[in-house]
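For reference, the structure is listed below as structure tokens.
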Amino acid sequence: AQSVTQLGSHVSVSEGALVLLRCNYSSSVPPYLFWYVQYPNQGLQLLLKYTSAATLVKGINGFEAEFKKSETSFHLTKPSAHMSDAAEYFCAVSGASYDKVIFGPGTSLSVIP
Amino acid sequence: GAGVSQSPRYKVAKRGQDVALRCDPISGHVSLFWYQQALGQGPEFLTYFQNEAQLDKSGLPSDRFFAERPEGSVSTLKIQRTQQEDSAVYLCASSPPSSGGETDTQYFGPGTRLTVL
């Protein structure tokens, strides 16, 4: 069985500051890990995914995440926040190809000008 | 190219009514998933199709929920005798045929927001 926890339901950062959104997972099999972003009244957009290749994954819009097996973590970072980054972010896990994706509860990111 | 589309975008139903939600996946995508997203929560898996075959329906909350994909493309999620607790955004996602054994990205539609009064 898989599960995802996201520490902090709401995170606020200043424009230009580091963004760090935390994700920890639980999986009985080698996981596939994802970060999705959701803007108001829109569907989910994939930011990046980990599929057992490089542990540091680079995604769109300057985001990246590092898979740390020993910590069962997959935290999302961006060096410099932009106003357009304000959205809901979901960490997710699946166990195999063609498997259902289990989502975390989400973290709402606010960017303060 | 065209993404996943869903219709209607918004649906208001009276308790006890039946509703049908439509999903048009990306052309050529083999897999199709339905998720339910309650307000302020992450999406939760409902059911999965590979072509026309429904391979996993473990997430459907009750026998009032029914999904079909008869020709392996468009899918319909039907909810019978709607209840207030059915109010949520229903998301559809599709993914292409697997390549190299890696898991495939699921592309999400904008969702249908269902409100049951």
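Note on naming: chains are A, B, ... as they come in the structure tokens, residues start from 1 per chain, ligands start from 1 in the order shown.
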Next item on the list: Give me every strand (DSSP E) residue in chain A, going by DSSP on the backbone, as a VMD selection string.
Entry: chain A and resid 3 to 5 10 to 14 19 to 21 24 to 26 32 to 38 44 to 50 56 to 58 64 to 68 73 to 78 87 to 94 102 to 103 107 to 112
Checklist line | Proximal residues of chain B relative to chain A (only C-alpha atoms; 10 Å) as a count of residues only | finding: 45
Note to self: Show me, as a list in words, the residues that have an atom within 8 Å of segment 79-84 of chain B when counting only C-alpha atoms, minus same-chain residues fewer than 5 positions from it.
What the structure shows: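 Counting only C-alpha atoms, the residues come to Ala13, Lys14, Arg15, Gly16, Gln17, Asp18, Val19, Ala20, Arg64, Phe65, Phe66, Thr115, Val116 and Leu117 of chain B.
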Next item on the list: Using DSSP on the backbone coordinates, identify the residues of chain A assigned to helix (DSSP H, G or I); present them as a PyMOL selection string.
Entry: chain A and resi 60-62+69-71+83-85
Go ahead and save the picked residues with N, CA and C atoms, as a PDB file, in the first residue's frame.
ATOM      1  N   ILE A  60       9.381  21.449 -14.816  1.00  0.00           N
ATOM      2  CA  ILE A  60       9.069  22.685 -15.516  1.00  0.00           C
ATOM      3  C   ILE A  60       9.056  23.862 -14.548  1.00  0.00           C
ATOM      4  N   ASN A  61       9.133  25.053 -15.111  1.00  0.00           N
ATOM      5  CA  ASN A  61       9.016  26.296 -14.338  1.00  0.00           C
ATOM      6  C   ASN A  61      10.078  26.445 -13.261  1.00  0.00           C
ATOM      7  N   GLY A  62      11.234  25.802 -13.439  1.00  0.00           N
ATOM      8  CA  GLY A  62      12.335  25.959 -12.501  1.00  0.00           C
ATOM      9  C   GLY A  62      12.261  25.111 -11.247  1.00  0.00           C
ATOM     10  N   LYS A  69      15.731   8.013  -0.577  1.00  0.00           N
ATOM     11  CA  LYS A  69      15.145   6.756  -0.123  1.00  0.00           C
ATOM     12  C   LYS A  69      15.264   6.587   1.388  1.00  0.00           C
ATOM     13  N   SER A  70      16.416   6.961   1.941  1.00  0.00           N
ATOM     14  CA  SER A  70      16.644   6.771   3.381  1.00  0.00           C
ATOM     15  C   SER A  70      15.684   7.596   4.222  1.00  0.00           C
ATOM     16  N   GLU A  71      15.236   8.707   3.672  1.00  0.00           N
ATOM     17  CA  GLU A  71      14.308   9.579   4.389  1.00  0.00           C
ATOM     18  C   GLU A  71      12.867   9.417   3.869  1.00  0.00           C
ATOM     19  N   MET A  83       5.501  35.279  -8.518  1.00  0.00           N
ATOM     20  CA  MET A  83       4.072  35.447  -8.204  1.00  0.00           C
ATOM     21  C   MET A  83       3.208  34.385  -8.879  1.00  0.00           C
ATOM     22  N   SER A  84       3.600  34.003 -10.077  1.00  0.00           N
ATOM     23  CA  SER A  84       2.810  33.021 -10.832  1.00  0.00           C
ATOM     24  C   SER A  84       2.896  31.607 -10.241  1.00  0.00           C
ATOM     25  N   ASP A  85       3.763  31.406  -9.255  1.00  0.00           N
ATOM     26  CA  ASP A  85       3.868  30.085  -8.621  1.00  0.00           C
ATOM     27  C   ASP A  85       2.766  29.834  -7.592  1.00  0.00           C
TER      28      ASP A  85
END
Notebook entry, point to check: Hey, can you check how far atom CA of Cys23 of chain A sits from atom CA of Glu85 of chain B?
Noted result: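 Atom-to-atom, atom CA of Cys23 of chain A to atom CA of Glu85 of chain B, that is 28.3 Å.
Distances from B:Val74, B:Leu114, B:Leu60, B:Tyr10 to His29 of chain B were compared using only C-alpha atoms, and the smallest one belongs to B:Val74.
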Next item on the list: Write out as a VMD selection string which residues come within 10 Å of Ala2 of chain B when counting only C-alpha atoms, dropping same-chain ones fewer than 4 positions away.
Entry: chain B and resid 24 to 27
Next item on the list: Kindly give the distance, in Å, that separates atom CA of Ser3 of chain A and atom CA of His75 of chain A, rounded to a single decimal.
Entry: 14.9 Å
Check: Any idea what's packed within 8 Å of Phe67 of chain A, counting only C-alpha atoms, ignoring anything in its chain fewer than 5 positions away? Could you give it as an MDAnalysis selection string?
Finding: chainID A and resid 50 55:57 72:75
